[in-house]
$ cat start-v9.txt   # compact mmCIF, C-alpha atoms
# COMPACT_ATOMS: atom_id res chain seq x y z
CA MET Q 1 -16.76 0.92 19.60
CA GLU Q 2 -18.97 1.14 16.52
CA LEU Q 3 -17.24 0.41 13.23
CA LYS Q 4 -17.11 3.16 10.61
CA LYS Q 5 -18.71 2.60 7.23
CA THR Q 6 -17.62 3.73 3.77
CA PRO Q 7 -20.12 5.37 1.37
CA LEU Q 8 -20.33 1.99 -0.42
CA HIS Q 9 -21.05 -0.08 2.70
CA GLN Q 10 -24.72 -0.74 1.93
CA TRP Q 11 -23.83 -1.80 -1.64
CA HIS Q 12 -21.34 -4.36 -0.33
CA VAL Q 13 -23.85 -5.81 2.14
CA SER Q 14 -26.71 -5.96 -0.37
CA HIS Q 15 -24.45 -7.75 -2.89
CA GLY Q 16 -23.45 -10.50 -0.51
CA ALA Q 17 -19.95 -9.41 0.48
CA HIS Q 18 -18.39 -11.18 3.45
CA MET Q 19 -17.80 -8.23 5.79
CA ILE Q 20 -15.09 -7.99 8.45
CA PRO Q 21 -13.74 -5.36 10.87
CA PHE Q 22 -10.61 -3.69 9.45
CA ALA Q 23 -8.79 -0.61 10.77
CA GLY Q 24 -11.93 0.62 12.52
CA PHE Q 25 -14.14 0.09 9.45
CA GLU Q 26 -16.51 -2.66 8.37
CA MET Q 27 -15.06 -3.72 5.02
CA PRO Q 28 -15.65 -6.46 2.39
CA LEU Q 29 -13.18 -9.35 2.64
CA TYR Q 30 -14.49 -11.05 -0.52
CA TYR Q 31 -17.62 -11.40 -2.67
CA SER Q 32 -17.07 -14.76 -4.43
CA SER Q 33 -13.67 -16.04 -3.25
CA ILE Q 34 -10.24 -14.55 -2.64
CA LYS Q 35 -8.69 -16.80 -5.29
CA GLU Q 36 -11.23 -15.94 -7.99
CA GLU Q 37 -10.98 -12.21 -7.29
CA HIS Q 38 -7.17 -12.32 -7.20
CA LEU Q 39 -6.85 -14.07 -10.56
CA ASN Q 40 -9.50 -11.84 -12.11
CA VAL Q 41 -7.44 -8.75 -11.28
CA ARG Q 42 -4.32 -10.32 -12.78
CA GLY Q 43 -6.12 -11.40 -15.96
CA LYS Q 44 -8.96 -8.89 -16.41
CA ALA Q 45 -9.94 -6.22 -13.88
CA GLY Q 46 -11.14 -5.68 -10.34
CA LEU Q 47 -12.89 -2.86 -8.49
CA PHE Q 48 -11.87 -2.02 -4.91
CA ASP Q 49 -13.51 0.18 -2.30
CA ILE Q 50 -10.60 1.70 -0.38
CA SER Q 51 -12.48 4.66 1.05
CA HIS Q 52 -11.16 3.76 4.50
CA MET Q 53 -7.78 5.31 3.62
CA GLY Q 54 -6.89 8.68 5.12
CA GLU Q 55 -6.26 11.90 3.17
CA PHE Q 56 -4.67 15.11 4.46
CA LEU Q 57 -4.41 18.38 2.55
CA ILE Q 58 -1.19 20.34 3.14
CA TYR Q 59 -1.01 23.90 1.85
CA GLY Q 60 0.64 27.23 2.53
CA PRO Q 61 3.87 29.16 1.86
CA GLU Q 62 6.08 26.52 3.51
CA ALA Q 63 4.22 23.36 2.46
CA PHE Q 64 7.23 22.15 0.47
CA GLU Q 65 9.72 22.81 3.29
CA PHE Q 66 7.43 21.09 5.80
CA LEU Q 67 7.05 17.96 3.68
CA GLN Q 68 10.79 17.80 2.94
CA TYR Q 69 11.34 17.61 6.69
CA ALA Q 70 8.32 15.46 7.64
CA THR Q 71 8.80 12.73 4.98
CA THR Q 72 11.80 10.75 3.77
CA ASN Q 73 11.61 10.97 -0.01
CA ASP Q 74 12.75 13.98 -2.04
CA VAL Q 75 9.70 16.20 -2.50
CA GLY Q 76 11.81 18.38 -4.79
CA ARG Q 77 11.61 15.69 -7.47
CA LEU Q 78 7.83 16.08 -7.76
CA ALA Q 79 6.30 18.05 -10.60
CA ASN Q 80 2.71 19.25 -10.42
CA GLY Q 81 0.51 16.26 -11.17
CA GLN Q 82 3.00 13.72 -9.86
CA ALA Q 83 2.79 11.29 -6.91
CA GLN Q 84 5.49 9.76 -4.74
CA TYR Q 85 5.79 6.83 -2.35
CA THR Q 86 7.31 7.99 0.93
CA LEU Q 87 7.66 7.30 4.66
CA ILE Q 88 6.82 9.19 7.85
CA LEU Q 89 9.36 8.44 10.61
CA ASN Q 90 9.65 9.16 14.31
CA GLU Q 91 12.79 10.65 15.85
CA ASN Q 92 14.24 7.16 16.35
CA GLY Q 93 13.94 6.34 12.65
CA GLY Q 94 10.98 4.02 13.23
CA ILE Q 95 8.33 3.92 10.53
CA MET Q 96 5.16 5.68 11.68
CA ASP Q 97 3.51 5.08 8.32
CA ASP Q 98 4.07 4.67 4.60
CA ALA Q 99 2.17 7.07 2.39
CA ILE Q 100 1.64 8.44 -1.11
CA LEU Q 101 2.25 12.14 -1.57
CA TYR Q 102 0.49 14.05 -4.36
CA LYS Q 103 1.69 17.45 -5.60
CA LEU Q 104 -1.47 19.35 -6.52
CA ASP Q 105 0.39 22.59 -7.24
CA ASP Q 106 3.44 24.51 -5.98
CA ASN Q 107 2.17 25.11 -2.45
CA ARG Q 108 -0.57 22.49 -2.21
CA PHE Q 109 -0.22 18.76 -1.60
CA MET Q 110 -2.27 15.76 -0.53
CA ILE Q 111 -0.85 12.86 1.46
CA VAL Q 112 -2.66 9.52 1.66
CA VAL Q 113 -2.10 7.44 4.80
CA ASN Q 114 -3.22 4.08 6.15
CA ALA Q 115 -6.67 3.92 7.76
CA ALA Q 116 -5.47 2.65 11.13
CA ASN Q 117 -2.99 5.53 11.42
CA ILE Q 118 -5.16 8.52 10.49
CA GLU Q 119 -5.39 10.06 13.96
CA LYS Q 120 -1.79 9.20 14.92
CA ASP Q 121 -0.36 10.56 11.66
CA PHE Q 122 -2.39 13.75 11.76
CA ASN Q 123 -1.36 14.50 15.34
CA TRP Q 124 2.31 13.82 14.54
CA LEU Q 125 2.35 15.90 11.37
CA SER Q 126 0.49 18.70 13.16
CA HIS Q 127 3.18 18.67 15.85
CA ILE Q 128 5.92 19.02 13.21
CA ALA Q 129 3.91 21.70 11.38
CA ASN Q 130 4.13 24.03 14.39
CA ASN Q 131 7.58 25.02 13.11
CA PHE Q 132 6.38 25.89 9.60
CA ASN Q 133 4.03 28.34 7.94
CA VAL Q 134 1.74 25.59 6.68
CA ASN Q 135 -1.85 24.38 7.05
CA LEU Q 136 -2.92 20.77 7.58
CA GLU Q 137 -6.46 19.60 6.99
CA ASP Q 138 -7.80 16.08 7.55
CA VAL Q 139 -10.25 15.53 4.68
CA SER Q 140 -10.58 11.75 5.13
CA ASP Q 141 -14.32 11.93 5.82
CA GLN Q 142 -14.84 14.23 2.83
CA MET Q 143 -13.41 11.79 0.32
CA ALA Q 144 -14.24 8.38 -1.12
CA LEU Q 145 -11.62 6.30 -2.90
CA ILE Q 146 -12.22 3.65 -5.57
CA ALA Q 147 -9.46 1.67 -7.28
CA ILE Q 148 -9.88 -0.06 -10.63
CA GLN Q 149 -6.99 -2.45 -11.23
CA GLY Q 150 -5.89 -4.99 -13.83
CA PRO Q 151 -4.90 -5.11 -17.52
CA ASN Q 152 -8.40 -4.06 -18.68
CA ALA Q 153 -8.73 -1.19 -16.19
CA GLN Q 154 -7.70 1.59 -18.56
CA ALA Q 155 -10.04 0.47 -21.35
CA ILE Q 156 -12.97 0.36 -18.93
CA LEU Q 157 -12.27 3.68 -17.26
CA ASN Q 158 -11.73 5.33 -20.66
CA LYS Q 159 -15.47 4.99 -21.30
CA LEU Q 160 -16.33 7.28 -18.40
CA VAL Q 161 -13.64 9.97 -18.22
CA ASP Q 162 -13.00 13.27 -19.99
CA VAL Q 163 -9.19 13.01 -19.81
CA ASP Q 164 -6.73 10.98 -21.88
CA LEU Q 165 -5.64 8.19 -19.55
CA ALA Q 166 -2.78 7.28 -21.88
CA GLN Q 167 -1.25 10.67 -21.05
CA ILE Q 168 -1.12 9.92 -17.30
CA PRO Q 169 2.19 8.09 -16.65
CA TYR Q 170 2.73 5.71 -13.74
CA TYR Q 171 2.68 7.61 -10.43
CA HIS Q 172 1.13 10.69 -12.05
CA PHE Q 173 -2.43 11.99 -11.87
CA SER Q 174 -4.90 14.30 -13.52
CA VAL Q 175 -8.07 16.02 -12.32
CA GLY Q 176 -11.14 15.45 -14.44
CA ALA Q 177 -14.73 14.21 -14.63
CA VAL Q 178 -15.82 10.59 -14.21
CA SER Q 179 -19.38 9.75 -15.28
CA GLY Q 180 -19.95 13.50 -15.49
CA PHE Q 181 -18.93 14.13 -11.88
CA PRO Q 182 -16.23 16.85 -11.77
CA ASN Q 183 -13.02 17.44 -9.82
CA ILE Q 184 -12.02 13.81 -9.38
CA ILE Q 185 -8.34 12.97 -8.92
CA ILE Q 186 -7.55 10.20 -11.43
CA SER Q 187 -4.30 8.63 -10.29
CA ASN Q 188 -2.20 6.03 -12.11
CA THR Q 189 -1.27 4.24 -8.90
CA GLY Q 190 -2.31 1.07 -7.11
CA TYR Q 191 -1.42 -1.71 -4.69
CA THR Q 192 -1.75 -4.75 -6.95
CA GLY Q 193 1.12 -4.71 -9.45
CA SER Q 194 -1.30 -5.15 -12.36
CA GLY Q 195 -1.79 -1.49 -13.21
CA GLY Q 196 -4.86 0.66 -13.03
CA PHE Q 197 -6.18 3.85 -11.50
CA GLU Q 198 -7.34 5.22 -8.18
CA LEU Q 199 -10.20 7.73 -8.09
CA TYR Q 200 -10.49 10.29 -5.28
CA MET Q 201 -13.96 11.81 -5.15
CA ALA Q 202 -16.70 13.35 -3.00
CA PRO Q 203 -18.50 10.59 -1.02
CA GLY Q 204 -21.80 11.36 -2.74
CA TYR Q 205 -20.37 10.34 -6.12
CA ALA Q 206 -19.09 6.94 -5.02
CA LYS Q 207 -22.13 4.67 -5.44
CA TYR Q 208 -23.04 6.00 -8.88
CA ILE Q 209 -19.46 5.79 -10.22
CA TRP Q 210 -18.98 2.33 -8.68
CA GLU Q 211 -22.10 0.99 -10.40
CA GLU Q 212 -21.30 2.73 -13.68
CA LEU Q 213 -17.83 1.17 -13.74
CA LEU Q 214 -19.22 -2.30 -13.08
CA TYR Q 215 -21.83 -1.84 -15.82
CA GLU Q 216 -19.38 -0.47 -18.40
CA GLY Q 217 -16.73 -3.03 -17.46
CA LYS Q 218 -18.92 -6.11 -17.62
CA GLU Q 219 -17.71 -7.18 -21.07
CA GLU Q 220 -14.07 -6.74 -20.00
CA GLY Q 221 -14.65 -8.95 -16.94
CA LEU Q 222 -14.68 -6.31 -14.20
CA ILE Q 223 -15.82 -7.61 -10.80
CA PRO Q 224 -15.85 -6.17 -7.25
CA VAL Q 225 -12.88 -7.29 -5.14
CA GLY Q 226 -12.44 -7.37 -1.38
CA LEU Q 227 -9.54 -6.88 1.01
CA GLY Q 228 -8.57 -10.56 0.88
CA ALA Q 229 -7.39 -10.43 -2.72
CA ARG Q 230 -5.94 -6.97 -2.18
CA ASP Q 231 -3.67 -8.55 0.41
CA THR Q 232 -2.63 -11.55 -1.70
CA LEU Q 233 -2.01 -9.31 -4.73
CA ARG Q 234 0.22 -6.91 -2.77
CA LEU Q 235 2.07 -9.82 -1.16
CA GLU Q 236 2.97 -11.26 -4.58
CA MET Q 237 4.54 -7.89 -5.37
CA GLY Q 238 6.45 -7.78 -2.09
CA TYR Q 239 4.63 -4.56 -1.12
CA ARG Q 240 4.86 -3.98 2.63
CA LEU Q 241 1.74 -3.81 4.78
CA TYR Q 242 1.87 -1.38 7.67
CA GLY Q 243 1.32 -3.12 10.99
CA ASN Q 244 2.69 -6.38 9.59
CA ASP Q 245 5.92 -5.77 7.71
CA MET Q 246 6.77 -2.42 9.28
CA ASP Q 247 5.86 -0.31 12.28
CA GLU Q 248 7.51 2.11 14.67
CA SER Q 249 9.91 -0.60 15.85
CA THR Q 250 11.33 -1.08 12.33
CA THR Q 251 13.43 1.29 10.24
CA PRO Q 252 13.61 1.75 6.46
CA LEU Q 253 17.02 0.02 6.49
CA GLU Q 254 15.58 -3.08 8.13
CA ALA Q 255 12.40 -3.05 6.01
CA GLY Q 256 14.27 -2.78 2.69
CA LEU Q 257 12.82 0.67 2.04
CA ASN Q 258 16.01 2.70 2.10
CA TRP Q 259 15.36 3.54 -1.57
CA VAL Q 260 12.68 6.05 -0.51
CA VAL Q 261 15.02 7.86 1.88
CA ASN Q 262 16.90 10.93 0.64
CA TYR Q 263 19.93 11.52 2.86
CA ASP Q 264 20.84 14.76 1.05
CA LYS Q 265 18.22 16.65 3.05
CA ASP Q 266 17.27 17.02 6.70
CA PHE Q 267 14.26 15.00 7.87
CA VAL Q 268 12.75 13.57 11.03
CA GLY Q 269 14.71 10.45 12.05
CA LYS Q 270 17.75 11.13 9.83
CA LYS Q 271 20.28 11.10 12.69
CA ALA Q 272 18.99 7.76 13.94
CA LEU Q 273 19.18 6.22 10.46
CA LEU Q 274 22.73 7.48 9.88
CA LYS Q 275 23.74 6.00 13.21
CA GLN Q 276 22.14 2.67 12.32
CA LYS Q 277 23.87 2.67 8.93
CA GLU Q 278 27.20 3.22 10.65
CA GLU Q 279 26.73 0.73 13.48
CA GLY Q 280 24.87 -1.87 11.42
CA PHE Q 281 21.56 -3.60 12.08
CA SER Q 282 20.77 -7.15 13.10
CA ARG Q 283 17.80 -8.08 10.92
CA ARG Q 284 16.41 -7.57 7.45
CA LEU Q 285 13.03 -8.12 5.82
CA ARG Q 286 13.28 -10.82 3.17
CA GLY Q 287 10.90 -12.60 0.84
CA PHE Q 288 10.72 -16.38 0.74
CA ILE Q 289 8.98 -19.25 -1.02
CA VAL Q 290 7.87 -22.29 0.99
CA GLU Q 291 9.02 -25.64 -0.38
CA ASP Q 292 5.94 -27.38 0.98
CA ARG Q 293 2.18 -27.09 1.21
CA LEU Q 294 2.42 -25.18 4.48
CA ILE Q 295 0.99 -21.64 4.27
CA PRO Q 296 3.10 -19.22 6.31
CA ARG Q 297 1.20 -16.86 8.60
CA LYS Q 298 2.08 -13.75 10.56
CA GLY Q 299 3.88 -14.64 13.78
CA TYR Q 300 5.25 -18.02 12.66
CA GLU Q 301 8.87 -18.54 13.70
CA ILE Q 302 11.69 -18.89 11.19
CA VAL Q 303 14.31 -21.34 12.44
CA ASN Q 304 17.64 -22.77 11.26
CA ARG Q 305 18.56 -26.44 10.95
CA LYS Q 306 19.46 -26.54 14.65
CA GLY Q 307 15.99 -25.34 15.56
CA GLU Q 308 17.24 -21.93 16.69
CA VAL Q 309 14.82 -19.07 16.08
CA VAL Q 310 16.42 -16.65 13.58
CA GLY Q 311 13.39 -14.72 12.40
CA THR Q 312 9.64 -14.15 12.29
CA VAL Q 313 7.07 -14.21 9.50
CA THR Q 314 5.35 -10.83 9.10
CA SER Q 315 3.13 -11.59 6.07
CA GLY Q 316 2.28 -14.88 4.44
CA GLY Q 317 -0.20 -16.53 2.16
CA PHE Q 318 -0.67 -18.32 -1.13
CA GLY Q 319 0.45 -16.64 -4.34
CA TYR Q 320 -2.34 -17.64 -6.71
CA SER Q 321 -0.56 -16.15 -9.74
CA ILE Q 322 2.57 -18.24 -9.14
CA ASN Q 323 0.90 -21.22 -7.44
CA LYS Q 324 3.26 -21.17 -4.46
CA ALA Q 325 3.11 -20.37 -0.75
CA ILE Q 326 5.05 -17.15 -0.11
CA GLY Q 327 5.91 -14.84 2.72
CA LEU Q 328 7.85 -11.91 4.11
CA GLY Q 329 9.74 -11.97 7.37
CA TYR Q 330 12.52 -10.42 9.41
CA ILE Q 331 15.56 -12.67 9.54
CA ASN Q 332 18.77 -12.23 11.53
CA ARG Q 333 21.53 -10.97 9.25
CA THR Q 334 23.93 -13.55 10.73
CA ALA Q 335 21.69 -16.34 9.41
CA LEU Q 336 21.44 -14.57 6.05
CA LYS Q 337 25.21 -14.17 5.85
CA ASP Q 338 25.87 -17.82 6.71
CA LYS Q 339 23.33 -18.89 4.06
CA GLU Q 340 21.86 -21.44 6.43
CA ASN Q 341 18.98 -23.72 5.51
CA LEU Q 342 15.93 -22.01 6.95
CA PHE Q 343 12.49 -23.29 7.86
CA VAL Q 344 9.09 -21.91 8.81
CA LYS Q 345 7.82 -23.50 12.00
CA ALA Q 346 4.08 -23.99 12.48
CA ARG Q 347 3.50 -25.70 15.82
CA ASN Q 348 5.63 -28.84 15.50
CA ARG Q 349 5.80 -28.81 11.72
CA LEU Q 350 8.77 -27.50 9.73
CA ALA Q 351 8.74 -26.42 6.09
CA GLU Q 352 11.92 -25.40 4.30
CA ILE Q 353 11.97 -21.95 2.72
CA VAL Q 354 13.99 -20.49 -0.13
CA LEU Q 355 14.88 -16.82 0.06
CA THR Q 356 14.14 -14.93 -3.13
CA LYS Q 357 14.32 -11.44 -4.58
CA LEU Q 358 11.12 -9.45 -4.71
CA PRO Q 359 8.65 -9.29 -6.32
CA PHE Q 360 7.44 -12.88 -6.36
CA TYR Q 361 5.20 -12.09 -9.34
CA LYS Q 362 7.29 -10.73 -12.18
CA GLU Q 363 5.02 -10.74 -15.24
CA SER Q 364 3.60 -7.29 -14.65
CA PRO Q 365 4.71 -4.38 -16.88
CA PHE Q 366 4.90 -2.33 -13.66
CA VAL Q 367 7.80 -4.38 -12.32
CA LYS Q 368 11.20 -2.79 -12.73
CA LYS Q 369 13.41 -5.23 -14.58

$ encode --input "start-v9.txt" --output "structure tokens"
Amino acid sequence: MELKKTPLHQWHVSHGAHMIPFAGFEMPLYYSSIKEEHLNVRGKAGLFDISHMGEFLIYGPEAFEFLQYATTNDVGRLANGQAQYTLILNENGGIMDDAILYKLDDNRFMIVVNAANIEKDFNWLSHIANNFNVNLEDVSDQMALIAIQGPNAQAILNKLVDVDLAQIPYYHFSVGAVSGFPNIIISNTGYTGSGGFELYMAPGYAKYIWEELLYEGKEEGLIPVGLGARDTLRLEMGYRLYGNDMDESTTPLEAGLNWVVNYDKDFVGKKALLKQKEEGFSRRLRGFIVEDRLIPRKGYEIVNRKGEVVGTVTSGGFGYSINKAIGLGYINRTALKDKENLFVKARNRLAEIVLTKLPFYKESPFVKK
């Protein structure tokens, strides 16, 4: 099956990016190195092509009612121009996807989903929509998405926009022009924990805006960044990655995402979650630091002192901002309750781990204290 390409694909190739298959797309993993790009985002700024993400428009008289039922968070808390992190569940309470919901106006929304789940999510939401007076439109191929992240991101983007970025709070957005191109959604969101903006635009605008940002941001240290650093940055924040840290076999309770579930409304999967809350659940996603040089990887076993398997690593890597090996994994609640000494097992090697609260990286102004 031929890999899809974003509107910036040729730019990445011509500028020496190391390209890899990802979620059906050919995407840049890195340009210089994952470490350099990671630290540059934390200290200066980085530019990401995330045009592989999926976007659906939802509009009509019952758009609000549909979304209240189809997603877990409280859509009623959204004002026009506000965004919200939310989940899409199946009837068993399993996580079909995590998403960001944008309220464009009273009866018009956009939901952004993970690239690998575009077809699955659209089919599922369309199935639910049969019971509502609502329209769903997959506009993923009609949209490019660029993220500029890091402490210098706002100063750089300010040079090219016709809106006051300081007046766009975290998880809010505005619609304006970038480099003279109109009707671009300028969203104060991101997946790095270092602040910045995401720009939703027509595909034909992407290359020009990308190059303009790099040119205008040169003095502030802006560089292109690939998926490798995007992954290490999100891991330091404890942000879950769909397909690793959650999927249809995990629930929000197990994944530590119960905070985006509003039990005061009816939604798909609610009965299953209430039952699980009442009966209890056997595992929980936890963050950990490795007390060794071993780098944890997805699929590594987590064992107790007796060598009994009590969990599995779902995400792991090196936290360049904190200079430590870190990971996320599901661990049996019995082992957590007993406060056993736990270890990551890589072949015949054991490395002790220390459970810790998330995020691992706490110096960002976007971390809730």

$ closest_residue --input "start-v9.txt" --among "Q:Leu199, Q:Ile184, Q:Val261, Q:Val134" --to "Asp74 in chain Q" --atoms "all atoms listed in the file"
Q:Val261

$ closest_atom_pairs --input "start-v9.txt" --of "range 25-78 of chain Q" --to "range 269-290 of chain Q" --cutoff "12 Å" --atoms "only C-alpha atoms" --output "CSV"
residue,atom,partner,partner_atom,distance
Q:Gln68,CA,Q:Lys270,CA,11.8
Q:Tyr69,CA,Q:Gly269,CA,9.6
Q:Ala70,CA,Q:Gly269,CA,9.2
Q:Thr71,CA,Q:Gly269,CA,9.5
Q:Thr72,CA,Q:Lys270,CA,8.5
Q:Asn73,CA,Q:Lys270,CA,11.6

$ atom_distance --input "start-v9.txt" --atom1 "CA of Leu57 in chain Q" --atom2 "CA of Lys120 in chain Q"
15.6 Å

$ atom_distance --input "start-v9.txt" --atom1 "CA of Asn183 in chain Q" --atom2 "CA of Asp162 in chain Q"
11.0 Å

$ closest_residue --input "start-v9.txt" --among "Q:Asn158, Q:Thr86, Q:Asn323, Q:Asn332" --to "Val178 in chain Q" --atoms "all atoms listed in the file"
Q:Asn158

$ residues_around --input "start-v9.txt" --residues "range 18-34 of chain Q" --least-positions-apart "6" --cutoff "10 Å" --atoms "all atoms listed in the file" --output "PyMOL selection string"
chain Q and resi 1-6+8-9+12+40+48-53+114-118+223-233+320

$ atom_distance --input "start-v9.txt" --atom1 "CA of Lys35 in chain Q" --atom2 "CA of Met246 in chain Q"
25.7 Å

$ closest_residue --input "start-v9.txt" --among "Q:Pro7, Q:Pro182, Q:Gly317, Q:Pro296" --to "Gly204 in chain Q" --atoms "only C-alpha atoms"
Q:Pro7

$ closest_residue --input "start-v9.txt" --among "Q:Gly307, Q:Gly81, Q:Gly327, Q:Gly221" --to "Ile186 in chain Q" --atoms "all atoms listed in the file"
Q:Gly81

$ residues_around --input "start-v9.txt" --residues "Gly190 in chain Q" --least-positions-apart "5" --cutoff "10 Å" --atoms "only C-alpha atoms" --output "JSON, numbers by chain"
{"Q": [147, 148, 149, 150, 170, 171, 195, 196, 197, 198, 234]}

$ write_last_selection --input "start-v9.txt" --atoms "C-alpha atoms" --output "PDB file, keeping the file's coordinate frame"
ATOM      1  CA  ALA Q 147      -9.460   1.670  -7.280  1.00  0.00           C
ATOM      2  CA  ILE Q 148      -9.880  -0.060 -10.630  1.00  0.00           C
ATOM      3  CA  GLN Q 149      -6.990  -2.450 -11.230  1.00  0.00           C
ATOM      4  CA  GLY Q 150      -5.890  -4.990 -13.830  1.00  0.00           C
ATOM      5  CA  TYR Q 170       2.730   5.710 -13.740  1.00  0.00           C
ATOM      6  CA  TYR Q 171       2.680   7.610 -10.430  1.00  0.00           C
ATOM      7  CA  GLY Q 195      -1.790  -1.490 -13.210  1.00  0.00           C
ATOM      8  CA  GLY Q 196      -4.860   0.660 -13.030  1.00  0.00           C
ATOM      9  CA  PHE Q 197      -6.180   3.850 -11.500  1.00  0.00           C
ATOM     10  CA  GLU Q 198      -7.340   5.220  -8.180  1.00  0.00           C
ATOM     11  CA  ARG Q 234       0.220  -6.910  -2.770  1.00  0.00           C
TER      12      ARG Q 234
END

$ closest_residue --input "start-v9.txt" --among "Q:Ile326, Q:Ala166, Q:Ala335, Q:Ile100" --to "Val309 in chain Q" --atoms "all atoms listed in the file"
Q:Ala335

$ closest_residue --input "start-v9.txt" --among "Q:Ser179, Q:Asn304, Q:Lys339, Q:Pro151" --to "Glu211 in chain Q" --atoms "only C-alpha atoms"
Q:Ser179

$ residues_near_point --input "start-v9.txt" --point "(14.8, -10.5, -4.8)" --cutoff "10 Å" --atoms "only C-alpha atoms" --output "JSON, numbers by chain"
{"Q": [238, 286, 287, 288, 355, 356, 357, 358, 359, 360]}

$ decode --input "start-v9.txt" --residues "range 44-100 of chain Q" --atoms "C-alpha atoms" --output "compact mmCIF listing (two decimals), in the first residue's frame"
# COMPACT_ATOMS: atom_id res chain seq x y z
CA LYS Q 44 13.94 28.12 21.64
CA ALA Q 45 11.39 26.92 19.09
CA GLY Q 46 10.57 24.09 16.71
CA LEU Q 47 8.36 23.71 13.64
CA PHE Q 48 6.37 20.50 13.13
CA ASP Q 49 4.48 19.19 10.11
CA ILE Q 50 1.50 17.35 11.59
CA SER Q 51 -0.68 17.44 8.49
CA HIS Q 52 -1.24 13.69 8.85
CA MET Q 53 -3.78 14.34 11.63
CA GLY Q 54 -7.47 13.93 10.84
CA GLU Q 55 -10.11 16.68 10.96
CA PHE Q 56 -13.89 16.27 10.90
CA LEU Q 57 -16.43 19.09 10.68
CA ILE Q 58 -19.62 18.57 12.71
CA TYR Q 59 -22.52 20.92 12.10
CA GLY Q 60 -26.29 21.09 12.26
CA PRO Q 61 -29.15 21.71 14.71
CA GLU Q 62 -28.13 18.85 17.02
CA ALA Q 63 -24.33 19.12 16.74
CA PHE Q 64 -24.04 19.92 20.45
CA GLU Q 65 -26.31 17.05 21.54
CA PHE Q 66 -24.44 14.63 19.28
CA LEU Q 67 -21.03 15.59 20.64
CA GLN Q 68 -22.24 15.44 24.25
CA TYR Q 69 -23.19 11.83 23.61
CA ALA Q 70 -20.28 10.84 21.33
CA THR Q 71 -17.44 12.25 23.50
CA THR Q 72 -16.64 12.08 27.21
CA ASN Q 73 -15.87 15.66 28.17
CA ASP Q 74 -18.52 18.32 28.84
CA VAL Q 75 -19.10 20.11 25.54
CA GLY Q 76 -21.35 22.53 27.43
CA ARG Q 77 -18.27 24.11 29.00
CA LEU Q 78 -16.99 25.28 25.60
CA ALA Q 79 -17.43 28.87 24.50
CA ASN Q 80 -17.06 29.85 20.86
CA GLY Q 81 -13.34 29.97 20.12
CA GLN Q 82 -12.43 27.39 22.75
CA ALA Q 83 -10.91 23.90 22.43
CA GLN Q 84 -11.18 20.83 24.64
CA TYR Q 85 -9.28 17.58 25.11
CA THR Q 86 -11.70 14.65 25.03
CA LEU Q 87 -12.12 10.93 24.38
CA ILE Q 88 -14.19 8.81 21.99
CA LEU Q 89 -15.22 5.51 23.62
CA ASN Q 90 -16.86 2.30 22.46
CA GLU Q 91 -19.82 0.75 24.26
CA ASN Q 92 -17.46 -1.19 26.54
CA GLY Q 93 -15.74 1.98 27.73
CA GLY Q 94 -12.62 1.26 25.67
CA ILE Q 95 -10.80 4.25 24.21
CA MET Q 96 -11.33 4.43 20.45
CA ASP Q 97 -9.32 7.66 20.25
CA ASP Q 98 -8.32 10.81 22.07
CA ALA Q 99 -9.13 14.05 20.30
CA ILE Q 100 -9.29 17.83 20.49
